[in-house]
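Colleague: The structure follows.
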Amino acid sequence: MNTDFALLLSGMRDDFVEELPERCDFIEEGVLALECNATNALDELYRRVHSLKGSGGTFGLPLVTSICHQFESFISIARGHFDPLAKSNALAYVDLLRRVAVVSDSAAATAIEQDLEHLRVSSMPGCASVLLLEPSSATRKFCQGVLKPLSVRLVSQDRGLSALELLLHQPFDLLIAARELPDLNALALVAALRESGSRNKDIPVILISSSSVPVPAYLNINATIKRDADFVATLGRWTGDVLAACSN
């Protein structure tokens, strides 16, 4: 039964890759619709990219997921000032997605990852990238509101394993993580990250926890903040301080 399921999933994955160019055409149409000032065109473009990201995750294509994550952040930042340069950058994201359909080896995949990082720098200059790891949807929205004034590229996750996958494949400037998670807790995640060869190996970490159990020093946690009456001010202050230190 497991073998049959694996074969079915593999076949669906192959179908998805085969259909990827057509789905890229669909997203490109969404980009071009912005030129016509179509009503809700930016929201529709975001939905199309988000849908593709979900499919990429389902079929085990982290490149698609990484590109779409960054594309979503770019769309959010571009709201209100989608000019010709923004259009060019949006089409560059579509081109990266098209290249995934013809990836033949690890070297080609690495080249796409490198181009994605270059595109992040050029399309979102001066925008720090923050990964927020929090299992509660209400708390995630609350934290997003706190961090919004800092104008960061914010990616949210609710599980440790999915966050670790992102950290191993996508560059971030800061990790903000709740200590207790449904699967891999934050301390285990950071320990795995510190031992990895990832570009995020030494990423700053802000831990959200009210636990009295000490954090091992070798994890190099920058700050531990409590969910108390001062949570909003503390989170905003520490995030701003850590990002400022990263930019110096």
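Labeling convention for the structure tokens: chains A, B, ... as they appear, residues from 1 per chain, ligands from 1 in order of appearance.
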What are the closest atom pairs, with distances in Å to one decimal, for all residues of region 53-163 of chain A lying within 12 Å of region 15-29 of chain A? Consider only C-alpha atoms, order rows by chain and residue number, and present the result as CSV.

Modeller:
```
residue,atom,partner,partner_atom,distance
A:Lys53,CA,A:Arg23,CA,11.4
A:Gly54,CA,A:Phe16,CA,11.8
A:Ser55,CA,A:Phe16,CA,8.1
A:Gly56,CA,A:Phe16,CA,8.4
A:Gly57,CA,A:Phe16,CA,11.4
A:Thr58,CA,A:Phe16,CA,10.2
A:Phe59,CA,A:Phe16,CA,7.9
A:Gly60,CA,A:Phe16,CA,10.7
A:Leu61,CA,A:Val17,CA,9.2
A:Leu63,CA,A:Val17,CA,11.8
A:Val64,CA,A:Leu20,CA,9.7
A:Cys68,CA,A:Ile27,CA,11.0
A:Phe71,CA,A:Ile27,CA,11.1
A:Lys87,CA,A:Glu28,CA,10.0
A:Ser88,CA,A:Glu28,CA,11.0
A:Asn89,CA,A:Glu28,CA,11.6
A:Ala90,CA,A:Glu28,CA,8.4
A:Leu91,CA,A:Glu28,CA,6.8
A:Ala92,CA,A:Glu28,CA,10.0
A:Tyr93,CA,A:Glu28,CA,9.6
A:Val94,CA,A:Cys24,CA,6.2
A:Asp95,CA,A:Cys24,CA,8.1
A:Leu96,CA,A:Cys24,CA,9.7
A:Leu97,CA,A:Cys24,CA,6.9
A:Arg98,CA,A:Pro21,CA,5.7
A:Arg99,CA,A:Pro21,CA,8.9
A:Val100,CA,A:Val17,CA,8.1
A:Ala101,CA,A:Val17,CA,5.6
A:Val102,CA,A:Val17,CA,8.6
A:Val103,CA,A:Val17,CA,10.1
```

Colleague: For the residues in that selection, give me C-alpha atoms as a PDB file, in the first residue's frame.

Modeller:
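Output saved as selection11.pdb:
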```
ATOM      1  CA  LYS A  53       3.543  27.571  -3.239  1.00  0.00           C
ATOM      2  CA  GLY A  54       1.104  25.162  -1.599  1.00  0.00           C
ATOM      3  CA  SER A  55       1.342  22.746  -4.513  1.00  0.00           C
ATOM      4  CA  GLY A  56       5.131  22.920  -4.450  1.00  0.00           C
ATOM      5  CA  GLY A  57       5.113  21.969  -0.780  1.00  0.00           C
ATOM      6  CA  THR A  58       2.667  19.116  -1.344  1.00  0.00           C
ATOM      7  CA  PHE A  59       4.790  17.545  -4.062  1.00  0.00           C
ATOM      8  CA  GLY A  60       8.156  18.029  -2.374  1.00  0.00           C
ATOM      9  CA  LEU A  61       9.582  20.802  -4.547  1.00  0.00           C
ATOM     10  CA  LEU A  63      12.650  25.356  -4.972  1.00  0.00           C
ATOM     11  CA  VAL A  64       9.080  26.220  -5.949  1.00  0.00           C
ATOM     12  CA  CYS A  68       6.964  31.604  -4.087  1.00  0.00           C
ATOM     13  CA  PHE A  71       7.613  36.320  -4.460  1.00  0.00           C
ATOM     14  CA  LYS A  87       6.918  44.664 -12.928  1.00  0.00           C
ATOM     15  CA  SER A  88      10.361  43.665 -14.189  1.00  0.00           C
ATOM     16  CA  ASN A  89      11.218  42.091 -10.829  1.00  0.00           C
ATOM     17  CA  ALA A  90       7.890  40.244 -10.710  1.00  0.00           C
ATOM     18  CA  LEU A  91       8.540  38.782 -14.156  1.00  0.00           C
ATOM     19  CA  ALA A  92      12.013  37.743 -12.972  1.00  0.00           C
ATOM     20  CA  TYR A  93      10.366  35.651 -10.252  1.00  0.00           C
ATOM     21  CA  VAL A  94       8.159  34.028 -12.898  1.00  0.00           C
ATOM     22  CA  ASP A  95      11.257  33.227 -14.972  1.00  0.00           C
ATOM     23  CA  LEU A  96      12.857  31.495 -11.981  1.00  0.00           C
ATOM     24  CA  LEU A  97       9.744  29.360 -11.597  1.00  0.00           C
ATOM     25  CA  ARG A  98       9.914  28.411 -15.266  1.00  0.00           C
ATOM     26  CA  ARG A  99      13.509  27.251 -14.794  1.00  0.00           C
ATOM     27  CA  VAL A 100      12.430  24.829 -12.059  1.00  0.00           C
ATOM     28  CA  ALA A 101      10.506  22.842 -14.675  1.00  0.00           C
ATOM     29  CA  VAL A 102      13.740  22.038 -16.542  1.00  0.00           C
ATOM     30  CA  VAL A 103      16.097  21.479 -13.585  1.00  0.00           C
TER      31      VAL A 103
END
```

Colleague: Work out how far apart CA of Asn40 (chain A) and CA of Arg120 (chain A) are and give it in Å to one decimal.

Modeller: 24.5 Å

Colleague: Run DSSP on the backbone and tell me which residues of region 129-219 of chain A come out as alpha helix (DSSP H); list them as a PyMOL selection string.

Modeller: chain A and resi 137-147+160-169+186-195

Colleague: Need to verify the contact set: region 127-132 of chain A, 7 Å, only C-alpha atoms, exclusion of same-chain residues closer than 3 positions in sequence. Can you return it as a list in words?

Modeller: Met124, Ser151, Val152, Arg153, Leu154, Val155, Ser156, Gln157, Phe172, Asp173, Leu174, Leu175, Ile176 and Ala177 of chain A

Colleague: Selected residues, N, CA and C atoms, written as a PDB file, in the first residue's frame, please.

Modeller:
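selection21.pdb, freshly written:
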```
ATOM      1  N   MET A 124      14.158  43.781  -3.214  1.00  0.00           N
ATOM      2  CA  MET A 124      13.760  44.269  -1.894  1.00  0.00           C
ATOM      3  C   MET A 124      14.976  44.838  -1.167  1.00  0.00           C
ATOM      4  N   SER A 151       9.256  47.321   8.625  1.00  0.00           N
ATOM      5  CA  SER A 151       9.369  47.117   7.170  1.00  0.00           C
ATOM      6  C   SER A 151      10.293  45.942   6.825  1.00  0.00           C
ATOM      7  N   VAL A 152      10.030  44.809   7.454  1.00  0.00           N
ATOM      8  CA  VAL A 152      10.821  43.616   7.174  1.00  0.00           C
ATOM      9  C   VAL A 152      10.057  42.682   6.241  1.00  0.00           C
ATOM     10  N   ARG A 153      10.816  41.809   5.592  1.00  0.00           N
ATOM     11  CA  ARG A 153      10.204  40.705   4.851  1.00  0.00           C
ATOM     12  C   ARG A 153       9.930  39.607   5.871  1.00  0.00           C
ATOM     13  N   LEU A 154       8.664  39.360   6.154  1.00  0.00           N
ATOM     14  CA  LEU A 154       8.305  38.439   7.228  1.00  0.00           C
ATOM     15  C   LEU A 154       7.696  37.167   6.658  1.00  0.00           C
ATOM     16  N   VAL A 155       8.291  36.034   7.011  1.00  0.00           N
ATOM     17  CA  VAL A 155       7.774  34.718   6.647  1.00  0.00           C
ATOM     18  C   VAL A 155       7.355  34.021   7.927  1.00  0.00           C
ATOM     19  N   SER A 156       6.127  33.485   7.966  1.00  0.00           N
ATOM     20  CA  SER A 156       5.610  32.851   9.171  1.00  0.00           C
ATOM     21  C   SER A 156       5.468  31.346   8.992  1.00  0.00           C
ATOM     22  N   GLN A 157       5.799  30.618  10.044  1.00  0.00           N
ATOM     23  CA  GLN A 157       5.638  29.173  10.080  1.00  0.00           C
ATOM     24  C   GLN A 157       5.077  28.771  11.440  1.00  0.00           C
ATOM     25  N   PHE A 172      17.845  34.146   5.670  1.00  0.00           N
ATOM     26  CA  PHE A 172      17.125  34.987   6.623  1.00  0.00           C
ATOM     27  C   PHE A 172      18.130  35.780   7.448  1.00  0.00           C
ATOM     28  N   ASP A 173      17.679  36.920   7.963  1.00  0.00           N
ATOM     29  CA  ASP A 173      18.528  37.758   8.809  1.00  0.00           C
ATOM     30  C   ASP A 173      18.253  37.538  10.292  1.00  0.00           C
ATOM     31  N   LEU A 174      17.079  36.976  10.605  1.00  0.00           N
ATOM     32  CA  LEU A 174      16.701  36.809  12.010  1.00  0.00           C
ATOM     33  C   LEU A 174      15.636  35.723  12.131  1.00  0.00           C
ATOM     34  N   LEU A 175      15.748  34.904  13.186  1.00  0.00           N
ATOM     35  CA  LEU A 175      14.718  33.919  13.534  1.00  0.00           C
ATOM     36  C   LEU A 175      14.088  34.327  14.858  1.00  0.00           C
ATOM     37  N   ILE A 176      12.757  34.451  14.859  1.00  0.00           N
ATOM     38  CA  ILE A 176      12.000  34.683  16.087  1.00  0.00           C
ATOM     39  C   ILE A 176      11.157  33.435  16.299  1.00  0.00           C
ATOM     40  N   ALA A 177      11.387  32.712  17.399  1.00  0.00           N
ATOM     41  CA  ALA A 177      10.749  31.406  17.561  1.00  0.00           C
ATOM     42  C   ALA A 177      10.184  31.191  18.952  1.00  0.00           C
TER      43      ALA A 177
END
```

Colleague: Can you tell me which residues surround region 224-238 of chain A at a distance of at most 9 Å, considering only C-alpha atoms, apart from same-chain residues fewer than 3 positions away, and format the answer as JSON, numbers by chain?

Modeller: {"A": [142, 143, 146, 147, 150, 205, 206, 207, 208, 209, 210, 211, 215, 221, 241, 242, 243]}

Colleague: In Å to one decimal, how far is CA of His169 (chain A) from CA of Ala192 (chain A)?

Modeller: 13.8 Å
